file protein-v5.cif (mmCIF, N, CA and C atoms)
data_structure
loop_
_atom_site.label_atom_id
_atom_site.label_comp_id
_atom_site.auth_asym_id
_atom_site.auth_seq_id
_atom_site.Cartn_x
_atom_site.Cartn_y
_atom_site.Cartn_z
N MET A 796 15.93 12.68 -0.74
CA MET A 796 14.58 13.15 -0.50
C MET A 796 13.58 11.99 -0.48
N TRP A 797 13.87 10.94 -1.27
CA TRP A 797 12.96 9.80 -1.30
C TRP A 797 12.84 9.17 0.07
N LEU A 798 13.91 9.20 0.85
CA LEU A 798 13.89 8.59 2.18
C LEU A 798 12.92 9.33 3.11
N VAL A 799 12.89 10.64 3.02
CA VAL A 799 11.97 11.43 3.84
C VAL A 799 10.53 11.03 3.51
N PHE A 800 10.23 10.96 2.21
CA PHE A 800 8.86 10.59 1.81
C PHE A 800 8.54 9.15 2.19
N ALA A 801 9.51 8.25 2.11
CA ALA A 801 9.29 6.86 2.51
C ALA A 801 9.00 6.76 4.00
N LEU A 802 9.74 7.51 4.80
CA LEU A 802 9.51 7.51 6.26
C LEU A 802 8.14 8.13 6.59
N LEU A 803 7.80 9.21 5.92
CA LEU A 803 6.48 9.81 6.12
C LEU A 803 5.38 8.82 5.72
N SER A 804 5.60 8.08 4.64
CA SER A 804 4.65 7.07 4.21
C SER A 804 4.44 6.04 5.31
N ALA A 805 5.52 5.61 5.94
CA ALA A 805 5.41 4.63 7.03
C ALA A 805 4.63 5.19 8.21
N VAL A 806 4.89 6.44 8.55
CA VAL A 806 4.17 7.07 9.67
C VAL A 806 2.68 7.17 9.34
N PHE A 807 2.35 7.63 8.14
CA PHE A 807 0.95 7.75 7.76
C PHE A 807 0.28 6.39 7.64
N ALA A 808 1.01 5.39 7.17
CA ALA A 808 0.45 4.03 7.10
C ALA A 808 0.14 3.51 8.50
N ALA A 809 1.01 3.79 9.45
CA ALA A 809 0.75 3.38 10.84
C ALA A 809 -0.49 4.09 11.38
N LEU A 810 -0.59 5.38 11.13
CA LEU A 810 -1.78 6.12 11.56
C LEU A 810 -3.03 5.57 10.89
N THR A 811 -2.91 5.22 9.61
CA THR A 811 -4.04 4.65 8.87
C THR A 811 -4.59 3.43 9.58
N SER A 812 -3.70 2.55 9.99
CA SER A 812 -4.12 1.31 10.65
C SER A 812 -4.85 1.58 11.95
N ILE A 813 -4.30 2.45 12.77
CA ILE A 813 -4.91 2.74 14.07
C ILE A 813 -6.24 3.46 13.88
N LEU A 814 -6.25 4.48 13.04
CA LEU A 814 -7.49 5.23 12.80
C LEU A 814 -8.56 4.34 12.18
N ALA A 815 -8.16 3.46 11.26
CA ALA A 815 -9.12 2.55 10.63
C ALA A 815 -9.71 1.58 11.64
N LYS A 816 -8.88 1.04 12.50
CA LYS A 816 -9.35 0.06 13.50
C LYS A 816 -10.41 0.70 14.39
N VAL A 817 -10.20 1.94 14.78
CA VAL A 817 -11.19 2.64 15.60
C VAL A 817 -12.43 2.98 14.78
N GLY A 818 -12.22 3.47 13.55
CA GLY A 818 -13.33 3.92 12.71
C GLY A 818 -14.20 2.81 12.16
N ILE A 819 -13.66 1.63 12.03
CA ILE A 819 -14.40 0.53 11.39
C ILE A 819 -15.36 -0.17 12.36
N GLU A 820 -15.24 0.14 13.63
CA GLU A 820 -16.09 -0.51 14.63
C GLU A 820 -17.57 -0.27 14.33
N GLY A 821 -18.29 -1.35 14.11
CA GLY A 821 -19.73 -1.27 13.84
C GLY A 821 -20.07 -0.85 12.42
N VAL A 822 -19.07 -0.82 11.52
CA VAL A 822 -19.31 -0.41 10.14
C VAL A 822 -18.91 -1.58 9.22
N ASN A 823 -19.70 -1.84 8.20
CA ASN A 823 -19.35 -2.86 7.23
C ASN A 823 -17.99 -2.52 6.62
N SER A 824 -17.10 -3.50 6.53
CA SER A 824 -15.74 -3.23 6.07
C SER A 824 -15.70 -2.73 4.63
N ASN A 825 -16.60 -3.20 3.78
CA ASN A 825 -16.64 -2.72 2.40
C ASN A 825 -17.09 -1.26 2.32
N LEU A 826 -18.07 -0.92 3.15
CA LEU A 826 -18.53 0.47 3.21
C LEU A 826 -17.42 1.38 3.74
N ALA A 827 -16.73 0.92 4.76
CA ALA A 827 -15.63 1.70 5.32
C ALA A 827 -14.54 1.92 4.28
N THR A 828 -14.24 0.89 3.50
CA THR A 828 -13.23 1.02 2.44
C THR A 828 -13.69 2.04 1.40
N ALA A 829 -14.96 2.02 1.06
CA ALA A 829 -15.49 2.96 0.07
C ALA A 829 -15.39 4.40 0.58
N VAL A 830 -15.72 4.62 1.84
CA VAL A 830 -15.62 5.96 2.42
C VAL A 830 -14.16 6.43 2.38
N ARG A 831 -13.26 5.57 2.81
CA ARG A 831 -11.83 5.90 2.78
C ARG A 831 -11.38 6.22 1.36
N THR A 832 -11.83 5.45 0.39
CA THR A 832 -11.42 5.63 -0.99
C THR A 832 -11.87 6.97 -1.53
N VAL A 833 -13.09 7.39 -1.20
CA VAL A 833 -13.59 8.69 -1.65
C VAL A 833 -12.69 9.81 -1.11
N VAL A 834 -12.29 9.68 0.13
CA VAL A 834 -11.40 10.69 0.72
C VAL A 834 -10.04 10.69 0.00
N VAL A 835 -9.51 9.51 -0.26
CA VAL A 835 -8.22 9.41 -0.95
C VAL A 835 -8.32 10.00 -2.36
N VAL A 836 -9.40 9.70 -3.08
CA VAL A 836 -9.59 10.23 -4.43
C VAL A 836 -9.65 11.76 -4.39
N ALA A 837 -10.43 12.31 -3.48
CA ALA A 837 -10.55 13.77 -3.37
C ALA A 837 -9.19 14.40 -3.05
N MET A 838 -8.45 13.77 -2.15
CA MET A 838 -7.14 14.29 -1.76
C MET A 838 -6.15 14.22 -2.94
N ALA A 839 -6.15 13.10 -3.66
CA ALA A 839 -5.23 12.92 -4.78
C ALA A 839 -5.52 13.94 -5.89
N TRP A 840 -6.79 14.10 -6.25
CA TRP A 840 -7.13 15.07 -7.30
C TRP A 840 -6.88 16.50 -6.83
N GLY A 841 -7.08 16.74 -5.54
CA GLY A 841 -6.76 18.05 -4.99
C GLY A 841 -5.29 18.39 -5.18
N MET A 842 -4.42 17.39 -4.95
CA MET A 842 -2.99 17.61 -5.14
C MET A 842 -2.65 17.81 -6.62
N VAL A 843 -3.34 17.09 -7.51
CA VAL A 843 -3.12 17.27 -8.95
C VAL A 843 -3.40 18.72 -9.34
N PHE A 844 -4.54 19.24 -8.91
CA PHE A 844 -4.91 20.60 -9.28
C PHE A 844 -4.06 21.65 -8.55
N LEU A 845 -3.71 21.36 -7.30
CA LEU A 845 -2.88 22.28 -6.52
C LEU A 845 -1.50 22.44 -7.15
N THR A 846 -0.97 21.36 -7.72
CA THR A 846 0.36 21.39 -8.34
C THR A 846 0.28 21.62 -9.86
N HIS A 847 -0.91 21.86 -10.37
CA HIS A 847 -1.14 22.13 -11.80
C HIS A 847 -0.61 20.99 -12.68
N ALA A 848 -0.81 19.76 -12.24
CA ALA A 848 -0.33 18.59 -12.99
C ALA A 848 -1.40 18.01 -13.92
N GLN A 849 -2.61 18.57 -13.91
CA GLN A 849 -3.70 18.00 -14.69
C GLN A 849 -3.43 18.02 -16.19
N SER A 850 -2.59 18.92 -16.67
CA SER A 850 -2.32 18.99 -18.11
C SER A 850 -1.54 17.76 -18.60
N GLY A 851 -0.91 17.05 -17.72
CA GLY A 851 -0.14 15.86 -18.09
C GLY A 851 -0.98 14.64 -18.39
N ILE A 852 -2.28 14.71 -18.14
CA ILE A 852 -3.13 13.52 -18.34
C ILE A 852 -3.14 13.08 -19.81
N ALA A 853 -3.06 14.01 -20.73
CA ALA A 853 -3.08 13.68 -22.15
C ALA A 853 -1.79 12.99 -22.60
N ASP A 854 -0.73 13.13 -21.81
CA ASP A 854 0.57 12.56 -22.16
C ASP A 854 0.78 11.14 -21.63
N ILE A 855 -0.18 10.63 -20.90
CA ILE A 855 -0.03 9.29 -20.34
C ILE A 855 -0.18 8.26 -21.46
N SER A 856 0.80 7.38 -21.58
CA SER A 856 0.77 6.37 -22.64
C SER A 856 -0.25 5.28 -22.34
N LYS A 857 -0.60 4.50 -23.38
CA LYS A 857 -1.54 3.39 -23.19
C LYS A 857 -0.98 2.37 -22.21
N LYS A 858 0.31 2.10 -22.31
CA LYS A 858 0.94 1.16 -21.38
C LYS A 858 0.82 1.67 -19.95
N SER A 859 1.10 2.94 -19.73
CA SER A 859 0.99 3.50 -18.39
C SER A 859 -0.44 3.44 -17.89
N TRP A 860 -1.42 3.77 -18.76
CA TRP A 860 -2.83 3.67 -18.38
C TRP A 860 -3.15 2.26 -17.90
N LEU A 861 -2.73 1.26 -18.69
CA LEU A 861 -3.01 -0.13 -18.35
C LEU A 861 -2.44 -0.49 -16.98
N PHE A 862 -1.17 -0.16 -16.76
CA PHE A 862 -0.55 -0.56 -15.50
C PHE A 862 -1.03 0.28 -14.32
N LEU A 863 -1.39 1.52 -14.55
CA LEU A 863 -1.97 2.33 -13.46
C LEU A 863 -3.35 1.79 -13.07
N ILE A 864 -4.12 1.37 -14.06
CA ILE A 864 -5.44 0.78 -13.78
C ILE A 864 -5.29 -0.54 -13.04
N LEU A 865 -4.37 -1.38 -13.50
CA LEU A 865 -4.12 -2.65 -12.80
C LEU A 865 -3.63 -2.40 -11.37
N SER A 866 -2.78 -1.41 -11.20
CA SER A 866 -2.31 -1.05 -9.86
C SER A 866 -3.47 -0.59 -8.99
N GLY A 867 -4.38 0.18 -9.57
CA GLY A 867 -5.56 0.63 -8.82
C GLY A 867 -6.44 -0.53 -8.40
N LEU A 868 -6.61 -1.50 -9.30
CA LEU A 868 -7.40 -2.69 -8.95
C LEU A 868 -6.73 -3.48 -7.83
N ALA A 869 -5.40 -3.61 -7.90
CA ALA A 869 -4.68 -4.31 -6.84
C ALA A 869 -4.80 -3.55 -5.51
N THR A 870 -4.72 -2.22 -5.58
CA THR A 870 -4.88 -1.41 -4.37
C THR A 870 -6.27 -1.60 -3.77
N GLY A 871 -7.29 -1.57 -4.62
CA GLY A 871 -8.66 -1.77 -4.14
C GLY A 871 -8.83 -3.12 -3.48
N ALA A 872 -8.32 -4.16 -4.10
CA ALA A 872 -8.41 -5.51 -3.52
C ALA A 872 -7.67 -5.57 -2.19
N SER A 873 -6.50 -4.95 -2.15
CA SER A 873 -5.71 -4.93 -0.92
C SER A 873 -6.47 -4.22 0.20
N TRP A 874 -7.03 -3.06 -0.11
CA TRP A 874 -7.77 -2.30 0.91
C TRP A 874 -8.99 -3.05 1.40
N LEU A 875 -9.73 -3.67 0.49
CA LEU A 875 -10.92 -4.44 0.90
C LEU A 875 -10.53 -5.57 1.84
N CYS A 876 -9.48 -6.29 1.49
CA CYS A 876 -9.02 -7.40 2.35
C CYS A 876 -8.46 -6.88 3.67
N TYR A 877 -7.72 -5.78 3.61
CA TYR A 877 -7.10 -5.20 4.81
C TYR A 877 -8.17 -4.75 5.81
N TYR A 878 -9.18 -4.05 5.32
CA TYR A 878 -10.23 -3.56 6.23
C TYR A 878 -11.01 -4.72 6.83
N ARG A 879 -11.26 -5.74 6.05
CA ARG A 879 -11.97 -6.91 6.59
C ARG A 879 -11.11 -7.59 7.65
N ALA A 880 -9.82 -7.74 7.36
CA ALA A 880 -8.91 -8.34 8.34
C ALA A 880 -8.85 -7.50 9.61
N LEU A 881 -8.80 -6.17 9.47
CA LEU A 881 -8.77 -5.30 10.65
C LEU A 881 -10.05 -5.43 11.46
N GLN A 882 -11.16 -5.59 10.76
CA GLN A 882 -12.44 -5.73 11.45
C GLN A 882 -12.49 -7.02 12.25
N LEU A 883 -11.91 -8.07 11.71
CA LEU A 883 -11.97 -9.39 12.34
C LEU A 883 -10.84 -9.66 13.33
N GLY A 884 -9.71 -9.00 13.15
CA GLY A 884 -8.54 -9.32 13.96
C GLY A 884 -7.96 -8.11 14.67
N GLU A 885 -6.92 -8.36 15.42
CA GLU A 885 -6.22 -7.30 16.15
C GLU A 885 -5.25 -6.59 15.20
N ALA A 886 -5.22 -5.26 15.31
CA ALA A 886 -4.34 -4.47 14.45
C ALA A 886 -2.88 -4.91 14.61
N SER A 887 -2.49 -5.26 15.83
CA SER A 887 -1.11 -5.66 16.09
C SER A 887 -0.73 -6.97 15.42
N LYS A 888 -1.72 -7.71 14.94
CA LYS A 888 -1.45 -8.95 14.22
C LYS A 888 -1.72 -8.80 12.72
N VAL A 889 -2.72 -8.02 12.37
CA VAL A 889 -3.06 -7.82 10.96
C VAL A 889 -1.95 -7.04 10.25
N VAL A 890 -1.48 -5.98 10.87
CA VAL A 890 -0.51 -5.09 10.22
C VAL A 890 0.80 -5.81 9.88
N PRO A 891 1.39 -6.59 10.79
CA PRO A 891 2.62 -7.28 10.40
C PRO A 891 2.43 -8.23 9.21
N ILE A 892 1.30 -8.91 9.17
CA ILE A 892 1.05 -9.80 8.03
C ILE A 892 0.91 -8.98 6.76
N ASP A 893 0.21 -7.87 6.84
CA ASP A 893 0.06 -6.98 5.69
C ASP A 893 1.44 -6.51 5.20
N LYS A 894 2.35 -6.29 6.11
CA LYS A 894 3.67 -5.79 5.74
C LYS A 894 4.56 -6.87 5.15
N LEU A 895 4.07 -8.10 5.09
CA LEU A 895 4.79 -9.12 4.32
C LEU A 895 4.83 -8.72 2.85
N SER A 896 4.04 -7.71 2.50
CA SER A 896 4.07 -7.17 1.14
C SER A 896 5.48 -6.70 0.80
N VAL A 897 6.27 -6.33 1.79
CA VAL A 897 7.66 -5.93 1.56
C VAL A 897 8.43 -7.10 0.94
N VAL A 898 8.31 -8.27 1.55
CA VAL A 898 9.00 -9.45 1.06
C VAL A 898 8.50 -9.82 -0.34
N ILE A 899 7.19 -9.81 -0.50
CA ILE A 899 6.61 -10.17 -1.80
C ILE A 899 7.05 -9.18 -2.87
N THR A 900 7.10 -7.89 -2.53
CA THR A 900 7.53 -6.86 -3.49
C THR A 900 8.97 -7.08 -3.91
N ILE A 901 9.84 -7.39 -2.96
CA ILE A 901 11.25 -7.61 -3.28
C ILE A 901 11.39 -8.79 -4.25
N VAL A 902 10.67 -9.86 -3.98
CA VAL A 902 10.73 -11.04 -4.85
C VAL A 902 10.18 -10.71 -6.25
N LEU A 903 9.02 -10.03 -6.29
CA LEU A 903 8.43 -9.67 -7.59
C LEU A 903 9.31 -8.68 -8.35
N ALA A 904 9.95 -7.75 -7.64
CA ALA A 904 10.85 -6.79 -8.30
C ALA A 904 12.04 -7.51 -8.91
N PHE A 905 12.52 -8.55 -8.25
CA PHE A 905 13.61 -9.35 -8.78
C PHE A 905 13.17 -10.09 -10.04
N ILE A 906 11.99 -10.71 -9.97
CA ILE A 906 11.50 -11.53 -11.09
C ILE A 906 11.09 -10.67 -12.30
N PHE A 907 10.28 -9.65 -12.07
CA PHE A 907 9.69 -8.90 -13.17
C PHE A 907 10.45 -7.63 -13.57
N LEU A 908 11.09 -6.99 -12.60
CA LEU A 908 11.78 -5.73 -12.90
C LEU A 908 13.30 -5.92 -13.01
N HIS A 909 13.74 -7.15 -12.75
CA HIS A 909 15.16 -7.50 -12.83
C HIS A 909 16.02 -6.65 -11.90
N GLU A 910 15.45 -6.30 -10.74
CA GLU A 910 16.22 -5.58 -9.74
C GLU A 910 17.14 -6.55 -9.02
N ASP A 911 18.18 -6.02 -8.42
CA ASP A 911 19.15 -6.86 -7.72
C ASP A 911 18.51 -7.56 -6.52
N PHE A 912 18.85 -8.83 -6.37
CA PHE A 912 18.47 -9.58 -5.19
C PHE A 912 19.78 -10.07 -4.58
N THR A 913 20.20 -9.39 -3.54
CA THR A 913 21.50 -9.64 -2.95
C THR A 913 21.37 -10.50 -1.70
N GLY A 914 22.50 -10.84 -1.15
CA GLY A 914 22.50 -11.56 0.12
C GLY A 914 21.82 -10.75 1.21
N ARG A 915 22.03 -9.45 1.17
CA ARG A 915 21.37 -8.57 2.15
C ARG A 915 19.85 -8.60 1.96
N SER A 916 19.40 -8.64 0.70
CA SER A 916 17.96 -8.72 0.43
C SER A 916 17.40 -10.02 1.00
N LEU A 917 18.12 -11.11 0.78
CA LEU A 917 17.67 -12.40 1.27
C LEU A 917 17.60 -12.41 2.79
N ILE A 918 18.64 -11.89 3.44
CA ILE A 918 18.65 -11.84 4.91
C ILE A 918 17.51 -10.96 5.41
N GLY A 919 17.29 -9.81 4.75
CA GLY A 919 16.19 -8.93 5.14
C GLY A 919 14.84 -9.60 5.00
N CYS A 920 14.64 -10.31 3.90
CA CYS A 920 13.38 -11.02 3.68
C CYS A 920 13.16 -12.08 4.76
N ILE A 921 14.20 -12.82 5.07
CA ILE A 921 14.09 -13.86 6.10
C ILE A 921 13.78 -13.23 7.45
N MET A 922 14.43 -12.12 7.75
CA MET A 922 14.19 -11.46 9.04
C MET A 922 12.77 -10.89 9.14
N ILE A 923 12.30 -10.29 8.05
CA ILE A 923 10.93 -9.77 8.05
C ILE A 923 9.94 -10.92 8.23
N GLY A 924 10.16 -11.98 7.48
CA GLY A 924 9.28 -13.16 7.61
C GLY A 924 9.30 -13.73 9.00
N ALA A 925 10.49 -13.89 9.57
CA ALA A 925 10.62 -14.43 10.93
C ALA A 925 9.99 -13.48 11.94
N GLY A 926 10.22 -12.19 11.76
CA GLY A 926 9.63 -11.21 12.68
C GLY A 926 8.11 -11.25 12.63
N THR A 927 7.57 -11.40 11.44
CA THR A 927 6.12 -11.49 11.30
C THR A 927 5.59 -12.71 12.03
N LEU A 928 6.24 -13.85 11.84
CA LEU A 928 5.82 -15.06 12.53
C LEU A 928 5.86 -14.90 14.05
N ILE A 929 6.94 -14.30 14.54
CA ILE A 929 7.08 -14.10 15.98
C ILE A 929 5.96 -13.20 16.51
N MET A 930 5.60 -12.18 15.74
CA MET A 930 4.58 -11.22 16.20
C MET A 930 3.17 -11.81 16.19
N VAL A 931 2.89 -12.68 15.24
CA VAL A 931 1.50 -13.14 15.11
C VAL A 931 1.22 -14.49 15.79
N LEU A 932 2.25 -15.22 16.14
CA LEU A 932 2.00 -16.51 16.80
C LEU A 932 1.86 -16.38 18.29
#
call {"tool": "encode", "arguments": {"input": "protein-v5.cif", "output": "structure tokens"}}
result
Amino acid sequence: MWLVFALLSAVFAALTSILAKVGIEGVNSNLATAVRTVVVVAMAWGMVFLTHAQSGIADISKKSWLFLILSGLATGASWLCYYRALQLGEASKVVPIDKLSVVITIVLAFIFLHEDFTGRSLIGCIMIGAGTLIMVL
């Protein structure tokens, strides 16, 4: 089931890029990010209440709070940079560079989460990096 959600995530991420590129025209990138964020917050809380998950908020540990907050800050920084890059550059070049996050995530998961880094992982990272270079040069 995770694969279905991962594929849907990729489709929605692709739509996000195209819709954002059109929507950001003539709009300050920080303002555009704020508008997008309000929509995301409303949608996320809507899903919490729709699935009756709000009672779990009291069970979140201090460690989880800390890392969820840090993740939110990283997401905000990513979105601000992404929207500015989309405003200044072509989506077909900005998006591949943004997706280098795949390579960075694999490396960080190996270092901090002690996940396996196999020969296949290395080859995949090299191919993603090479593909990104080919697309943006």
call {"tool": "atom_distance", "arguments": {"input": "protein-v5.cif", "atom1": "atom N of Ala925 in chain A", "atom2": "CA of Leu895 in chain A"}}
result
9.1 Å
call {"tool": "resolve_selection", "arguments": {"input": "protein-v5.cif", "expression": "the PyMOL selection byres (((chain A and resi 811-815 and name CA) around 10) and name CA)", "output": "number ranges by chain"}}
result
A: 805-810, 816-820, 824, 827-828, 831, 877-878, 881-882, 886-887, 889-890
call {"tool": "atom_distance", "arguments": {"input": "protein-v5.cif", "atom1": "CA of Leu861 in chain A", "atom2": "atom C of Leu802 in chain A"}}
result
28.5 Å
call {"tool": "atom_distance", "arguments": {"input": "protein-v5.cif", "atom1": "atom C of Ala904 in chain A", "atom2": "CA of Gly926 in chain A"}}
result
22.0 Å
call {"tool": "decode", "arguments": {"input": "protein-v5.cif", "residues": "range 911-922 of chain A", "atoms": "all heavy atoms", "output": "PDB file, in the first residue's frame"}}
result
ATOM      1  N   ASP A 911      20.357   0.769   5.332  1.00  0.00           N
ATOM      2  CA  ASP A 911      21.311   0.139   4.420  1.00  0.00           C
ATOM      3  C   ASP A 911      21.659   1.059   3.255  1.00  0.00           C
ATOM      4  O   ASP A 911      20.785   1.725   2.693  1.00  0.00           O
ATOM      5  CB  ASP A 911      20.739  -1.166   3.859  1.00  0.00           C
ATOM      6  CG  ASP A 911      20.618  -2.252   4.912  1.00  0.00           C
ATOM      7  OD1 ASP A 911      21.333  -2.165   5.923  1.00  0.00           O
ATOM      8  OD2 ASP A 911      19.803  -3.165   4.715  1.00  0.00           O
ATOM      9  N   PHE A 912      22.937   1.092   2.931  1.00  0.00           N
ATOM     10  CA  PHE A 912      23.407   1.786   1.738  1.00  0.00           C
ATOM     11  C   PHE A 912      24.118   0.727   0.910  1.00  0.00           C
ATOM     12  O   PHE A 912      25.232   0.331   1.217  1.00  0.00           O
ATOM     13  CB  PHE A 912      24.349   2.943   2.091  1.00  0.00           C
ATOM     14  CG  PHE A 912      24.636   3.847   0.928  1.00  0.00           C
ATOM     15  CD1 PHE A 912      23.710   4.795   0.532  1.00  0.00           C
ATOM     16  CD2 PHE A 912      25.818   3.739   0.214  1.00  0.00           C
ATOM     17  CE1 PHE A 912      23.962   5.634  -0.544  1.00  0.00           C
ATOM     18  CE2 PHE A 912      26.077   4.565  -0.859  1.00  0.00           C
ATOM     19  CZ  PHE A 912      25.148   5.517  -1.239  1.00  0.00           C
ATOM     20  N   THR A 913      23.427   0.254  -0.105  1.00  0.00           N
ATOM     21  CA  THR A 913      23.913  -0.864  -0.898  1.00  0.00           C
ATOM     22  C   THR A 913      24.542  -0.376  -2.196  1.00  0.00           C
ATOM     23  O   THR A 913      24.510   0.824  -2.507  1.00  0.00           O
ATOM     24  CB  THR A 913      22.742  -1.802  -1.236  1.00  0.00           C
ATOM     25  OG1 THR A 913      21.806  -1.074  -2.062  1.00  0.00           O
ATOM     26  CG2 THR A 913      22.036  -2.289   0.030  1.00  0.00           C
ATOM     27  N   GLY A 914      25.070  -1.306  -2.931  1.00  0.00           N
ATOM     28  CA  GLY A 914      25.586  -0.979  -4.259  1.00  0.00           C
ATOM     29  C   GLY A 914      24.494  -0.421  -5.151  1.00  0.00           C
ATOM     30  O   GLY A 914      24.724   0.506  -5.928  1.00  0.00           O
ATOM     31  N   ARG A 915      23.302  -0.972  -5.007  1.00  0.00           N
ATOM     32  CA  ARG A 915      22.161  -0.462  -5.786  1.00  0.00           C
ATOM     33  C   ARG A 915      21.842   0.977  -5.395  1.00  0.00           C
ATOM     34  O   ARG A 915      21.516   1.800  -6.250  1.00  0.00           O
ATOM     35  CB  ARG A 915      20.938  -1.349  -5.579  1.00  0.00           C
ATOM     36  CG  ARG A 915      21.073  -2.686  -6.278  1.00  0.00           C
ATOM     37  CD  ARG A 915      19.979  -3.650  -5.928  1.00  0.00           C
ATOM     38  NE  ARG A 915      18.647  -3.072  -5.994  1.00  0.00           N
ATOM     39  CZ  ARG A 915      17.557  -3.769  -6.134  1.00  0.00           C
ATOM     40  NH1 ARG A 915      17.613  -5.070  -6.207  1.00  0.00           N
ATOM     41  NH2 ARG A 915      16.385  -3.183  -6.173  1.00  0.00           N
ATOM     42  N   SER A 916      21.933   1.280  -4.087  1.00  0.00           N
ATOM     43  CA  SER A 916      21.694   2.652  -3.630  1.00  0.00           C
ATOM     44  C   SER A 916      22.715   3.598  -4.245  1.00  0.00           C
ATOM     45  O   SER A 916      22.359   4.692  -4.701  1.00  0.00           O
ATOM     46  CB  SER A 916      21.805   2.740  -2.105  1.00  0.00           C
ATOM     47  OG  SER A 916      20.890   1.913  -1.470  1.00  0.00           O
ATOM     48  N   LEU A 917      23.970   3.176  -4.241  1.00  0.00           N
ATOM     49  CA  LEU A 917      25.034   3.996  -4.802  1.00  0.00           C
ATOM     50  C   LEU A 917      24.815   4.237  -6.285  1.00  0.00           C
ATOM     51  O   LEU A 917      24.905   5.375  -6.759  1.00  0.00           O
ATOM     52  CB  LEU A 917      26.401   3.334  -4.565  1.00  0.00           C
ATOM     53  CG  LEU A 917      27.612   4.065  -5.144  1.00  0.00           C
ATOM     54  CD1 LEU A 917      27.740   5.454  -4.522  1.00  0.00           C
ATOM     55  CD2 LEU A 917      28.870   3.252  -4.925  1.00  0.00           C
ATOM     56  N   ILE A 918      24.494   3.174  -7.017  1.00  0.00           N
ATOM     57  CA  ILE A 918      24.246   3.308  -8.460  1.00  0.00           C
ATOM     58  C   ILE A 918      23.052   4.224  -8.702  1.00  0.00           C
ATOM     59  O   ILE A 918      23.087   5.097  -9.574  1.00  0.00           O
ATOM     60  CB  ILE A 918      24.033   1.925  -9.110  1.00  0.00           C
ATOM     61  CG1 ILE A 918      25.344   1.141  -9.094  1.00  0.00           C
ATOM     62  CG2 ILE A 918      23.497   2.062 -10.531  1.00  0.00           C
ATOM     63  CD1 ILE A 918      25.200  -0.333  -9.438  1.00  0.00           C
ATOM     64  N   GLY A 919      21.988   4.054  -7.906  1.00  0.00           N
ATOM     65  CA  GLY A 919      20.808   4.915  -8.048  1.00  0.00           C
ATOM     66  C   GLY A 919      21.132   6.373  -7.790  1.00  0.00           C
ATOM     67  O   GLY A 919      20.699   7.258  -8.527  1.00  0.00           O
ATOM     68  N   CYS A 920      21.912   6.634  -6.750  1.00  0.00           N
ATOM     69  CA  CYS A 920      22.313   8.007  -6.431  1.00  0.00           C
ATOM     70  C   CYS A 920      23.131   8.612  -7.565  1.00  0.00           C
ATOM     71  O   CYS A 920      22.916   9.771  -7.948  1.00  0.00           O
ATOM     72  CB  CYS A 920      23.106   8.046  -5.125  1.00  0.00           C
ATOM     73  SG  CYS A 920      22.102   7.810  -3.647  1.00  0.00           S
ATOM     74  N   ILE A 921      24.058   7.852  -8.091  1.00  0.00           N
ATOM     75  CA  ILE A 921      24.884   8.336  -9.201  1.00  0.00           C
ATOM     76  C   ILE A 921      24.018   8.619 -10.426  1.00  0.00           C
ATOM     77  O   ILE A 921      24.179   9.660 -11.085  1.00  0.00           O
ATOM     78  CB  ILE A 921      26.008   7.319  -9.532  1.00  0.00           C
ATOM     79  CG1 ILE A 921      27.024   7.286  -8.384  1.00  0.00           C
ATOM     80  CG2 ILE A 921      26.673   7.648 -10.861  1.00  0.00           C
ATOM     81  CD1 ILE A 921      28.013   6.144  -8.464  1.00  0.00           C
ATOM     82  N   MET A 922      23.071   7.735 -10.696  1.00  0.00           N
ATOM     83  CA  MET A 922      22.208   7.927 -11.868  1.00  0.00           C
ATOM     84  C   MET A 922      21.295   9.149 -11.703  1.00  0.00           C
ATOM     85  O   MET A 922      21.090   9.906 -12.646  1.00  0.00           O
ATOM     86  CB  MET A 922      21.396   6.663 -12.132  1.00  0.00           C
ATOM     87  CG  MET A 922      22.250   5.510 -12.625  1.00  0.00           C
ATOM     88  SD  MET A 922      21.326   3.984 -12.831  1.00  0.00           S
ATOM     89  CE  MET A 922      20.360   4.371 -14.282  1.00  0.00           C
TER      90      MET A 922
END
